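Novice: As input, take input16.pdb (PDB, C-alpha atoms, pLDDT in the B column):
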```
ATOM      1  CA  MET A  37     -26.075 -36.517  18.500  1.00 57.00           C
ATOM      2  CA  ARG A  38     -29.270 -38.063  17.197  1.00 67.00           C
ATOM      3  CA  PRO A  39     -29.847 -37.948  13.426  1.00 69.00           C
ATOM      4  CA  ALA A  40     -32.967 -35.795  13.775  1.00 67.00           C
ATOM      5  CA  VAL A  41     -31.153 -33.280  15.998  1.00 63.00           C
ATOM      6  CA  ALA A  42     -28.131 -33.292  13.713  1.00 63.00           C
ATOM      7  CA  GLY A  43     -30.406 -32.597  10.759  1.00 63.00           C
ATOM      8  CA  LEU A  44     -32.018 -29.647  12.549  1.00 65.00           C
ATOM      9  CA  VAL A  45     -28.621 -28.228  13.514  1.00 61.00           C
ATOM     10  CA  GLY A  46     -27.370 -28.587   9.936  1.00 64.00           C
ATOM     11  CA  ALA A  47     -30.487 -26.894   8.528  1.00 68.00           C
ATOM     12  CA  ALA A  48     -30.182 -24.041  11.041  1.00 64.00           C
ATOM     13  CA  ALA A  49     -26.501 -23.538  10.215  1.00 66.00           C
ATOM     14  CA  THR A  50     -27.301 -23.461   6.497  1.00 69.00           C
ATOM     15  CA  LEU A  51     -30.067 -20.905   7.044  1.00 62.00           C
ATOM     16  CA  LEU A  52     -27.801 -18.759   9.195  1.00 58.00           C
ATOM     17  CA  ALA A  53     -25.015 -18.930   6.590  1.00 57.00           C
ATOM     18  CA  LEU A  54     -27.420 -17.807   3.866  1.00 59.00           C
ATOM     19  CA  SER A  55     -28.613 -14.944   6.078  1.00 57.00           C
ATOM     20  CA  LEU A  56     -25.022 -13.830   6.718  1.00 51.00           C
ATOM     21  CA  ARG A  57     -24.217 -13.902   3.009  1.00 60.00           C
ATOM     22  CA  LEU A  58     -27.317 -11.850   2.254  1.00 56.00           C
ATOM     23  CA  GLY A  59     -26.433  -9.420   5.017  1.00 53.00           C
ATOM     24  CA  GLU A  60     -22.902  -9.012   3.671  1.00 55.00           C
ATOM     25  CA  ALA A  61     -24.183  -8.428   0.143  1.00 58.00           C
ATOM     26  CA  LEU A  62     -26.729  -5.844   1.300  1.00 51.00           C
ATOM     27  CA  GLY A  63     -24.310  -4.167   3.703  1.00 53.00           C
ATOM     28  CA  ALA A  64     -21.268  -3.995   1.398  1.00 60.00           C
ATOM     29  CA  PRO A  65     -22.281  -0.741  -0.374  1.00 70.00           C
ATOM     30  CA  PHE A  66     -22.900   0.985   2.971  1.00 72.00           C
ATOM     31  CA  LEU A  67     -19.577  -0.221   4.369  1.00 79.00           C
ATOM     32  CA  ARG A  68     -17.735   1.061   1.308  1.00 82.00           C
ATOM     33  CA  LEU A  69     -19.570   4.392   1.605  1.00 85.00           C
ATOM     34  CA  PHE A  70     -18.598   4.639   5.270  1.00 85.00           C
ATOM     35  CA  ARG A  71     -14.921   3.947   4.503  1.00 88.00           C
ATOM     36  CA  LEU A  72     -14.927   6.444   1.657  1.00 90.00           C
ATOM     37  CA  ALA A  73     -16.545   9.130   3.820  1.00 90.00           C
ATOM     38  CA  SER A  74     -14.083   8.469   6.648  1.00 90.00           C
ATOM     39  CA  LEU A  75     -11.148   8.851   4.275  1.00 91.00           C
ATOM     40  CA  LYS A  76     -12.593  12.046   2.791  1.00 91.00           C
ATOM     41  CA  ALA A  77     -13.091  13.468   6.270  1.00 92.00           C
ATOM     42  CA  ARG A  78      -9.530  12.858   7.398  1.00 92.00           C
ATOM     43  CA  CYS A  79      -7.375  13.101   4.253  1.00 93.00           C
ATOM     44  CA  ARG A  80      -6.082  16.477   3.157  1.00 94.00           C
ATOM     45  CA  GLY A  81      -6.146  15.702  -0.559  1.00 95.00           C
ATOM     46  CA  ARG A  82      -8.224  14.266  -3.375  1.00 95.00           C
ATOM     47  CA  VAL A  83     -10.317  11.199  -2.521  1.00 96.00           C
ATOM     48  CA  PRO A  84     -12.411  10.256  -5.593  1.00 95.00           C
ATOM     49  CA  SER A  85     -15.621   8.262  -5.356  1.00 93.00           C
ATOM     50  CA  THR A  86     -14.050   5.510  -7.512  1.00 95.00           C
ATOM     51  CA  LEU A  87     -11.690   4.477  -4.691  1.00 95.00           C
ATOM     52  CA  ARG A  88     -12.219   0.844  -3.632  1.00 95.00           C
ATOM     53  CA  PHE A  89     -11.407  -0.947  -0.375  1.00 94.00           C
ATOM     54  CA  ASP A  90     -10.656  -4.562   0.588  1.00 94.00           C
ATOM     55  CA  GLY A  91     -10.905  -3.734   4.293  1.00 92.00           C
ATOM     56  CA  PRO A  92     -10.169  -0.994   6.816  1.00 93.00           C
ATOM     57  CA  VAL A  93      -7.521   1.623   6.009  1.00 95.00           C
ATOM     58  CA  HIS A  94      -5.553   3.401   8.749  1.00 95.00           C
ATOM     59  CA  LEU A  95      -4.624   7.088   8.759  1.00 96.00           C
ATOM     60  CA  VAL A  96      -2.157   8.571  11.225  1.00 95.00           C
ATOM     61  CA  GLY A  97      -3.403  12.065  12.022  1.00 91.00           C
ATOM     62  CA  ARG A  98      -4.766  13.929   8.992  1.00 93.00           C
ATOM     63  CA  PRO A  99      -2.310  12.951   6.240  1.00 96.00           C
ATOM     64  CA  ARG A 100      -1.894  14.806   2.953  1.00 97.00           C
ATOM     65  CA  VAL A 101      -2.816  12.031   0.514  1.00 97.00           C
ATOM     66  CA  SER A 102      -4.274  12.433  -2.983  1.00 97.00           C
ATOM     67  CA  PHE A 103      -5.610   9.495  -4.986  1.00 98.00           C
ATOM     68  CA  GLY A 104      -6.147   9.161  -8.719  1.00 98.00           C
ATOM     69  CA  ASP A 105      -9.212   7.484 -10.170  1.00 98.00           C
ATOM     70  CA  TYR A 106     -10.021   3.773  -9.755  1.00 97.00           C
ATOM     71  CA  CYS A 107      -7.413   2.983  -7.110  1.00 98.00           C
ATOM     72  CA  ARG A 108      -7.803   0.012  -4.762  1.00 97.00           C
ATOM     73  CA  LEU A 109      -6.541  -0.256  -1.196  1.00 97.00           C
ATOM     74  CA  GLY A 110      -5.950  -3.526   0.636  1.00 97.00           C
ATOM     75  CA  ARG A 111      -6.820  -4.288   4.228  1.00 96.00           C
ATOM     76  CA  ASP A 112      -4.818  -2.429   6.905  1.00 97.00           C
ATOM     77  CA  VAL A 113      -2.862  -0.120   4.592  1.00 98.00           C
ATOM     78  CA  VAL A 114      -1.364   2.742   6.643  1.00 98.00           C
ATOM     79  CA  PHE A 115      -0.843   6.335   5.460  1.00 98.00           C
ATOM     80  CA  GLU A 116       1.122   8.969   7.380  1.00 97.00           C
ATOM     81  CA  THR A 117       2.605  12.319   6.388  1.00 97.00           C
ATOM     82  CA  GLU A 118       4.593  14.843   8.384  1.00 95.00           C
ATOM     83  CA  GLY A 119       4.660  18.606   7.915  1.00 93.00           C
ATOM     84  CA  ASP A 120       4.032  19.642   4.317  1.00 94.00           C
ATOM     85  CA  ALA A 121       4.940  16.255   2.844  1.00 97.00           C
ATOM     86  CA  ARG A 122       2.416  14.709   0.459  1.00 98.00           C
ATOM     87  CA  ILE A 123       1.627  11.265  -0.888  1.00 98.00           C
ATOM     88  CA  VAL A 124       0.368  11.499  -4.468  1.00 98.00           C
ATOM     89  CA  ILE A 125      -1.016   8.368  -6.119  1.00 98.00           C
ATOM     90  CA  GLY A 126      -1.941   8.082  -9.806  1.00 98.00           C
ATOM     91  CA  ASP A 127      -4.868   6.341 -11.501  1.00 98.00           C
ATOM     92  CA  HIS A 128      -5.533   2.578 -11.298  1.00 98.00           C
ATOM     93  CA  VAL A 129      -2.954   2.025  -8.542  1.00 98.00           C
ATOM     94  CA  ARG A 130      -3.289  -1.075  -6.336  1.00 98.00           C
ATOM     95  CA  VAL A 131      -1.836  -0.916  -2.811  1.00 98.00           C
ATOM     96  CA  ASN A 132      -2.113  -4.350  -1.201  1.00 98.00           C
ATOM     97  CA  ALA A 133      -2.756  -5.407   2.379  1.00 98.00           C
ATOM     98  CA  GLY A 134      -0.548  -4.307   5.241  1.00 98.00           C
ATOM     99  CA  SER A 135       1.557  -1.782   3.321  1.00 98.00           C
ATOM    100  CA  PHE A 136       2.966   1.343   5.015  1.00 98.00           C
ATOM    101  CA  LEU A 137       3.348   4.669   3.173  1.00 98.00           C
ATOM    102  CA  ILE A 138       5.124   7.153   5.464  1.00 97.00           C
ATOM    103  CA  ALA A 139       6.188  10.524   4.031  1.00 97.00           C
ATOM    104  CA  HIS A 140       8.359  13.229   5.592  1.00 97.00           C
ATOM    105  CA  ALA A 141       9.527  14.646   2.242  1.00 97.00           C
ATOM    106  CA  GLY A 142       7.056  13.181  -0.307  1.00 97.00           C
ATOM    107  CA  ILE A 143       6.015   9.969  -2.077  1.00 98.00           C
ATOM    108  CA  THR A 144       4.747   9.842  -5.659  1.00 98.00           C
ATOM    109  CA  ILE A 145       3.334   6.694  -7.279  1.00 98.00           C
ATOM    110  CA  GLY A 146       2.595   6.662 -11.005  1.00 98.00           C
ATOM    111  CA  SER A 147      -0.577   5.326 -12.595  1.00 98.00           C
ATOM    112  CA  HIS A 148      -1.130   1.574 -13.106  1.00 98.00           C
ATOM    113  CA  THR A 149       1.468   0.647 -10.495  1.00 98.00           C
ATOM    114  CA  LEU A 150       1.102  -2.387  -8.208  1.00 98.00           C
ATOM    115  CA  ILE A 151       2.291  -2.281  -4.601  1.00 98.00           C
ATOM    116  CA  GLY A 152       2.463  -5.767  -3.072  1.00 98.00           C
ATOM    117  CA  GLU A 153       1.442  -6.864   0.411  1.00 98.00           C
ATOM    118  CA  HIS A 154       3.408  -5.565   3.398  1.00 98.00           C
ATOM    119  CA  VAL A 155       5.518  -3.157   1.358  1.00 98.00           C
ATOM    120  CA  SER A 156       7.195  -0.306   3.240  1.00 98.00           C
ATOM    121  CA  LEU A 157       7.629   3.057   1.505  1.00 98.00           C
ATOM    122  CA  ARG A 158       9.434   5.362   3.947  1.00 97.00           C
ATOM    123  CA  ASP A 159      11.173   8.476   2.702  1.00 97.00           C
ATOM    124  CA  ALA A 160      13.103   9.339   5.881  1.00 96.00           C
ATOM    125  CA  ASP A 161      15.548   7.966   8.437  1.00 93.00           C
ATOM    126  CA  HIS A 162      16.139   8.920  12.054  1.00 92.00           C
ATOM    127  CA  GLY A 163      19.150  11.099  12.665  1.00 92.00           C
ATOM    128  CA  ILE A 164      22.055   9.082  14.057  1.00 93.00           C
ATOM    129  CA  ARG A 165      24.467  11.694  15.435  1.00 94.00           C
ATOM    130  CA  PRO A 166      26.480  10.107  18.246  1.00 95.00           C
ATOM    131  CA  ASP A 167      25.968  13.061  20.631  1.00 95.00           C
ATOM    132  CA  ALA A 168      22.198  12.569  21.047  1.00 95.00           C
ATOM    133  CA  LEU A 169      19.644   9.829  21.523  1.00 96.00           C
ATOM    134  CA  ILE A 170      18.412   8.487  18.176  1.00 95.00           C
ATOM    135  CA  ARG A 171      14.772   8.826  19.237  1.00 93.00           C
ATOM    136  CA  THR A 172      15.222  12.554  19.928  1.00 94.00           C
ATOM    137  CA  GLN A 173      16.797  13.408  16.582  1.00 94.00           C
ATOM    138  CA  PRO A 174      14.799  14.781  13.641  1.00 92.00           C
ATOM    139  CA  HIS A 175      14.062  12.644  10.613  1.00 92.00           C
ATOM    140  CA  LEU A 176      16.187  13.180   7.511  1.00 93.00           C
ATOM    141  CA  GLY A 177      14.013  12.829   4.437  1.00 95.00           C
ATOM    142  CA  SER A 178      14.320  12.706   0.665  1.00 97.00           C
ATOM    143  CA  PRO A 179      11.373  12.016  -1.700  1.00 98.00           C
ATOM    144  CA  ILE A 180      10.499   8.624  -3.167  1.00 98.00           C
ATOM    145  CA  GLU A 181       9.253   8.492  -6.748  1.00 98.00           C
ATOM    146  CA  ILE A 182       7.765   5.377  -8.364  1.00 98.00           C
ATOM    147  CA  GLY A 183       6.979   5.575 -12.076  1.00 98.00           C
ATOM    148  CA  GLU A 184       3.980   4.304 -13.984  1.00 98.00           C
ATOM    149  CA  ASP A 185       3.322   0.586 -14.501  1.00 98.00           C
ATOM    150  CA  ALA A 186       5.851  -0.474 -11.875  1.00 98.00           C
ATOM    151  CA  TRP A 187       5.455  -3.512  -9.619  1.00 98.00           C
ATOM    152  CA  ILE A 188       6.840  -3.545  -6.080  1.00 98.00           C
ATOM    153  CA  GLY A 189       6.874  -7.119  -4.776  1.00 98.00           C
ATOM    154  CA  ARG A 190       5.582  -8.375  -1.453  1.00 98.00           C
ATOM    155  CA  GLY A 191       7.534  -7.319   1.615  1.00 98.00           C
ATOM    156  CA  ALA A 192       9.888  -4.948  -0.218  1.00 98.00           C
ATOM    157  CA  ALA A 193      11.228  -1.852   1.535  1.00 98.00           C
ATOM    158  CA  VAL A 194      11.833   1.284  -0.537  1.00 98.00           C
ATOM    159  CA  LEU A 195      14.024   3.795   1.286  1.00 97.00           C
ATOM    160  CA  LYS A 196      14.471   7.540   1.087  1.00 97.00           C
ATOM    161  CA  GLY A 197      15.577   9.286  -2.078  1.00 97.00           C
ATOM    162  CA  VAL A 198      14.890   6.318  -4.367  1.00 98.00           C
ATOM    163  CA  ARG A 199      13.461   6.679  -7.852  1.00 98.00           C
ATOM    164  CA  ILE A 200      11.939   3.574  -9.443  1.00 98.00           C
ATOM    165  CA  GLY A 201      11.457   4.027 -13.172  1.00 98.00           C
ATOM    166  CA  ARG A 202       8.469   3.362 -15.392  1.00 98.00           C
ATOM    167  CA  GLY A 203       7.745  -0.332 -15.867  1.00 98.00           C
ATOM    168  CA  ALA A 204      10.353  -1.467 -13.319  1.00 98.00           C
ATOM    169  CA  ILE A 205       9.876  -4.531 -11.098  1.00 98.00           C
ATOM    170  CA  VAL A 206      11.217  -4.921  -7.553  1.00 98.00           C
ATOM    171  CA  GLY A 207      11.422  -8.493  -6.249  1.00 98.00           C
ATOM    172  CA  ALA A 208       9.748  -9.664  -3.060  1.00 98.00           C
ATOM    173  CA  ASN A 209      11.508  -8.842   0.245  1.00 98.00           C
ATOM    174  CA  SER A 210      14.049  -6.586  -1.458  1.00 98.00           C
ATOM    175  CA  VAL A 211      15.535  -3.499   0.194  1.00 98.00           C
ATOM    176  CA  VAL A 212      15.787  -0.700  -2.359  1.00 98.00           C
ATOM    177  CA  THR A 213      18.486   1.807  -1.446  1.00 97.00           C
ATOM    178  CA  ARG A 214      19.284   3.194  -4.902  1.00 97.00           C
ATOM    179  CA  ASP A 215      17.450   4.064  -8.123  1.00 98.00           C
ATOM    180  CA  VAL A 216      15.998   1.333 -10.336  1.00 98.00           C
ATOM    181  CA  PRO A 217      16.035   2.278 -14.058  1.00 98.00           C
ATOM    182  CA  GLU A 218      12.862   1.997 -16.101  1.00 98.00           C
ATOM    183  CA  MET A 219      11.868  -1.456 -17.408  1.00 98.00           C
ATOM    184  CA  THR A 220      14.454  -3.073 -15.113  1.00 98.00           C
ATOM    185  CA  ILE A 221      13.981  -6.045 -12.783  1.00 97.00           C
ATOM    186  CA  ALA A 222      15.809  -5.569  -9.480  1.00 98.00           C
ATOM    187  CA  ALA A 223      15.969  -7.711  -6.360  1.00 97.00           C
ATOM    188  CA  GLY A 224      18.070  -8.453  -3.299  1.00 97.00           C
ATOM    189  CA  VAL A 225      19.335  -6.886  -0.092  1.00 97.00           C
ATOM    190  CA  PRO A 226      20.333  -4.340  -1.111  1.00 97.00           C
ATOM    191  CA  ALA A 227      18.447  -4.541  -4.411  1.00 97.00           C
ATOM    192  CA  ARG A 228      20.492  -4.580  -7.604  1.00 97.00           C
ATOM    193  CA  ALA A 229      19.540  -4.640 -11.266  1.00 96.00           C
ATOM    194  CA  LEU A 230      19.235  -8.178 -12.635  1.00 95.00           C
ATOM    195  CA  ARG A 231      18.052  -7.637 -16.196  1.00 95.00           C
ATOM    196  CA  ARG A 232      15.712  -5.667 -18.409  1.00 95.00           C
ATOM    197  CA  ARG A 233      12.146  -6.784 -18.868  1.00 93.00           C
ATOM    198  CA  GLY A 234      11.940  -9.033 -21.936  1.00 85.00           C
ATOM    199  CA  GLU A 235      15.510 -10.268 -21.600  1.00 85.00           C
ATOM    200  CA  ALA A 236      16.113 -13.953 -20.896  1.00 81.00           C
ATOM    201  CA  LYS A 237      17.171 -14.967 -17.392  1.00 79.00           C
ATOM    202  CA  PRO A 238      20.928 -15.497 -17.139  1.00 72.00           C
ATOM    203  CA  THR A 239      21.923 -19.161 -17.035  1.00 66.00           C
TER     204      THR A 239
END
```
I'd like the structure from this file rewritten - as structure tokens, please.

Specialist:
Amino acid sequence: MRPAVAGLVGAAATLLALSLRLGEALGAPFLRLFRLASLKARCRGRVPSTLRFDGPVHLVGRPRVSFGDYCRLGRDVVFETEGDARIVIGDHVRVNAGSFLIAHAGITIGSHTLIGEHVSLRDADHGIRPDALIRTQPHLGSPIEIGEDAWIGRGAAVLKGVRIGRGAIVGANSVVTRDVPEMTIAAGVPARALRRRGEAKPT
């Protein structure tokens, strides 16, 4: 490519990039408004105007989800509820990209809690009686409760009936099958308590 042509192409690309940045900046408030309105239209619960989005959020049906103030949702978070089950989220909660929150009995998340990327919160299992196909059996659910100021690490799975206490931390890729006491760090498959927050790591 000749230098003059290359210079024109470079200048055009720079101008186009600047135009795209300007378009994104001008369009961002309208995109956020659209996402907020879409959520309000389809959620059966509280959706405050302080809710923030990093990208599209997916709702299965018309889920019963209520948000506290100043929450933030990552790209491609999925919400689903069945029957009368509800998902109730406190203030200043961050749910990161690709997480699934599926409630048949109920999920509660306390204020100031962090949910890492690709976390699965599912409060029910399929029935597994041997005299019927698994896919035809009803779900068996028990509520999940996550306390305030907890941190659920990337890729963790929290299963039915689990209570995670205030200030607890769940390590990345853990499978939580039993309660985690408050201010406790737990990790593993299945997750087990390692130590209290503030305690030194065992040598």

Novice: Can you list, as a ChimeraX atom specification, every protein, DNA or RNA residue that comes within 12 Å of stretch 68-76 of chain A when you count all atoms listed in the file, leaving out same-chain residues fewer than 5 positions away?

Specialist: /A:60-63,81-103,108-109,111,114-115

Novice: Run the PyMOL selection byres ((chain A and resi 175) around 6) mentally over the shown coordinates, then write out the matched residues as a list in words, using the chain letters and numbers from the document.

Specialist: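 Evaluating the PyMOL selection byres ((chain A and resi 175) around 6) on these coordinates yields Ala160, Asp161, His162, Gly163, Pro174 and Leu176 of chain A.
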
Novice: Taking all atoms listed in the file into account, name the residue in A:Val124, A:Ala222, A:Ala193, A:Leu67 that is nearest to A:Val155.

Specialist: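 Residue with the minimum atom-to-atom distance to A:Val155: A:Ala193.
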
Novice: Between A:Ala168, A:Leu137, A:Met219, A:Leu230, which residue has the minimum interatomic distance to A:Gly203, considering only C-alpha atoms?

Specialist: A:Met219

Novice: Between atom CA of A:Ile188 and atom CA of A:Asn209, what is the spacing in Å?

Specialist: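 According to the coordinates, atom CA of A:Asn209 and atom CA of A:Ile188 are separated by 9.5 Å.
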
Novice: Residues picked by the PyMOL selection byres ((chain A and resi 139) around 12) here, as a PDB file with C-alpha atoms, in the frame of the given file?

Specialist:
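Writing the result to out-v1.pdb gives the following:
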```
ATOM      1  CA  VAL A  96      -2.157   8.571  11.225  1.00 95.00           C
ATOM      2  CA  PRO A  99      -2.310  12.951   6.240  1.00 96.00           C
ATOM      3  CA  ARG A 100      -1.894  14.806   2.953  1.00 97.00           C
ATOM      4  CA  VAL A 101      -2.816  12.031   0.514  1.00 97.00           C
ATOM      5  CA  VAL A 114      -1.364   2.742   6.643  1.00 98.00           C
ATOM      6  CA  PHE A 115      -0.843   6.335   5.460  1.00 98.00           C
ATOM      7  CA  GLU A 116       1.122   8.969   7.380  1.00 97.00           C
ATOM      8  CA  THR A 117       2.605  12.319   6.388  1.00 97.00           C
ATOM      9  CA  GLU A 118       4.593  14.843   8.384  1.00 95.00           C
ATOM     10  CA  GLY A 119       4.660  18.606   7.915  1.00 93.00           C
ATOM     11  CA  ASP A 120       4.032  19.642   4.317  1.00 94.00           C
ATOM     12  CA  ALA A 121       4.940  16.255   2.844  1.00 97.00           C
ATOM     13  CA  ARG A 122       2.416  14.709   0.459  1.00 98.00           C
ATOM     14  CA  ILE A 123       1.627  11.265  -0.888  1.00 98.00           C
ATOM     15  CA  VAL A 124       0.368  11.499  -4.468  1.00 98.00           C
ATOM     16  CA  PHE A 136       2.966   1.343   5.015  1.00 98.00           C
ATOM     17  CA  LEU A 137       3.348   4.669   3.173  1.00 98.00           C
ATOM     18  CA  ILE A 138       5.124   7.153   5.464  1.00 97.00           C
ATOM     19  CA  HIS A 140       8.359  13.229   5.592  1.00 97.00           C
ATOM     20  CA  ALA A 141       9.527  14.646   2.242  1.00 97.00           C
ATOM     21  CA  GLY A 142       7.056  13.181  -0.307  1.00 97.00           C
ATOM     22  CA  ILE A 143       6.015   9.969  -2.077  1.00 98.00           C
ATOM     23  CA  THR A 144       4.747   9.842  -5.659  1.00 98.00           C
ATOM     24  CA  SER A 156       7.195  -0.306   3.240  1.00 98.00           C
ATOM     25  CA  LEU A 157       7.629   3.057   1.505  1.00 98.00           C
ATOM     26  CA  ARG A 158       9.434   5.362   3.947  1.00 97.00           C
ATOM     27  CA  ASP A 159      11.173   8.476   2.702  1.00 97.00           C
ATOM     28  CA  ALA A 160      13.103   9.339   5.881  1.00 96.00           C
ATOM     29  CA  ASP A 161      15.548   7.966   8.437  1.00 93.00           C
ATOM     30  CA  HIS A 175      14.062  12.644  10.613  1.00 92.00           C
ATOM     31  CA  LEU A 176      16.187  13.180   7.511  1.00 93.00           C
ATOM     32  CA  GLY A 177      14.013  12.829   4.437  1.00 95.00           C
ATOM     33  CA  SER A 178      14.320  12.706   0.665  1.00 97.00           C
ATOM     34  CA  PRO A 179      11.373  12.016  -1.700  1.00 98.00           C
ATOM     35  CA  ILE A 180      10.499   8.624  -3.167  1.00 98.00           C
ATOM     36  CA  GLU A 181       9.253   8.492  -6.748  1.00 98.00           C
ATOM     37  CA  VAL A 194      11.833   1.284  -0.537  1.00 98.00           C
ATOM     38  CA  LEU A 195      14.024   3.795   1.286  1.00 97.00           C
ATOM     39  CA  LYS A 196      14.471   7.540   1.087  1.00 97.00           C
ATOM     40  CA  GLY A 197      15.577   9.286  -2.078  1.00 97.00           C
TER      41      GLY A 197
END
```

Novice: Which of these residues is nearest to A:Gly207, using all atoms listed in the file: A:Pro238, A:Gly110, A:Gly126, A:Gly189?

Specialist: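 Smallest distance to A:Gly207 is found for A:Gly189.
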
Novice: Can you work out the spacing between atom CA of A:Tyr106 and atom CA of A:Val129 in Å, to one decimal?

Specialist: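 These two atoms are separated by 7.4 Å.
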
Novice: What does the distance between atom CA of A:Asp112 and atom CA of A:Ala77 come to in Å, to one decimal place?

Specialist: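 Atom CA of A:Asp112 sits 17.9 Å away from atom CA of A:Ala77.
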
Novice: When distances are computed from all atoms listed in the file, which of A:Val211, A:Ile164, A:Cys79, A:Ile182 shows the smallest separation from A:Arg199?

Specialist: A:Ile182

Novice: Of the candidates A:Gly191, A:Gly104, A:Gly183, A:Pro226, which shows the shortest atom-to-atom distance to A:Gly134, using all atoms listed in the file?

Specialist: A:Gly191

Novice: Taking into account only C-alpha atoms, which residue in the set A:His148, A:His128, A:Arg214, A:Lys237 is nearest to A:Glu184?

Specialist: A:His148

Novice: Find the axis-aligned box for stretch 74-90 of chain A, covering all its listed atoms and adding 3 Å on each side, and write its centre and edge lengths in Å to one decimal as JSON.

Specialist:
```
{"center_x": -10.9, "center_y": 6.0, "center_z": -0.1, "size_x": 15.5, "size_y": 27.0, "size_z": 20.9}
```

Novice: Got a moment to write stretch 192-224 of chain A out with C-alpha atoms, as a short mmCIF file (atom, residue, chain, number, x, y, z; two decimals), in the first residue's frame?

Specialist:
```
data_model
loop_
_atom_site.label_atom_id
_atom_site.label_comp_id
_atom_site.auth_asym_id
_atom_site.auth_seq_id
_atom_site.Cartn_x
_atom_site.Cartn_y
_atom_site.Cartn_z
CA ALA A 192 -18.82 -21.59 42.66
CA ALA A 193 -22.04 -23.61 42.87
CA VAL A 194 -24.32 -23.07 45.88
CA LEU A 195 -26.87 -25.86 46.25
CA LYS A 196 -30.28 -26.12 47.84
CA GLY A 197 -30.85 -25.49 51.53
CA VAL A 198 -27.49 -23.77 52.10
CA ARG A 199 -27.06 -20.80 54.39
CA ILE A 200 -23.91 -18.71 53.96
CA GLY A 201 -23.34 -16.42 56.93
CA ARG A 202 -22.54 -12.73 57.11
CA GLY A 203 -19.03 -11.90 55.95
CA ALA A 204 -18.28 -15.44 54.73
CA ILE A 205 -16.10 -16.15 51.69
CA VAL A 206 -16.53 -19.09 49.30
CA GLY A 207 -13.50 -19.94 47.16
CA ALA A 208 -13.57 -20.09 43.37
CA ASN A 209 -15.02 -23.26 41.77
CA SER A 210 -16.27 -24.59 45.11
CA VAL A 211 -19.42 -26.68 45.47
CA VAL A 212 -21.30 -25.61 48.59
CA THR A 213 -23.51 -28.38 49.94
CA ARG A 214 -23.70 -27.34 53.60
CA ASP A 215 -23.88 -24.14 55.65
CA VAL A 216 -20.90 -21.80 55.88
CA PRO A 217 -20.72 -19.96 59.25
CA GLU A 218 -20.36 -16.20 59.33
CA MET A 219 -16.88 -14.71 58.80
CA THR A 220 -15.60 -18.11 57.62
CA ILE A 221 -13.54 -18.88 54.51
CA ALA A 222 -14.65 -22.11 52.83
CA ALA A 223 -13.49 -23.82 49.66
CA GLY A 224 -13.34 -27.18 47.91
#
```
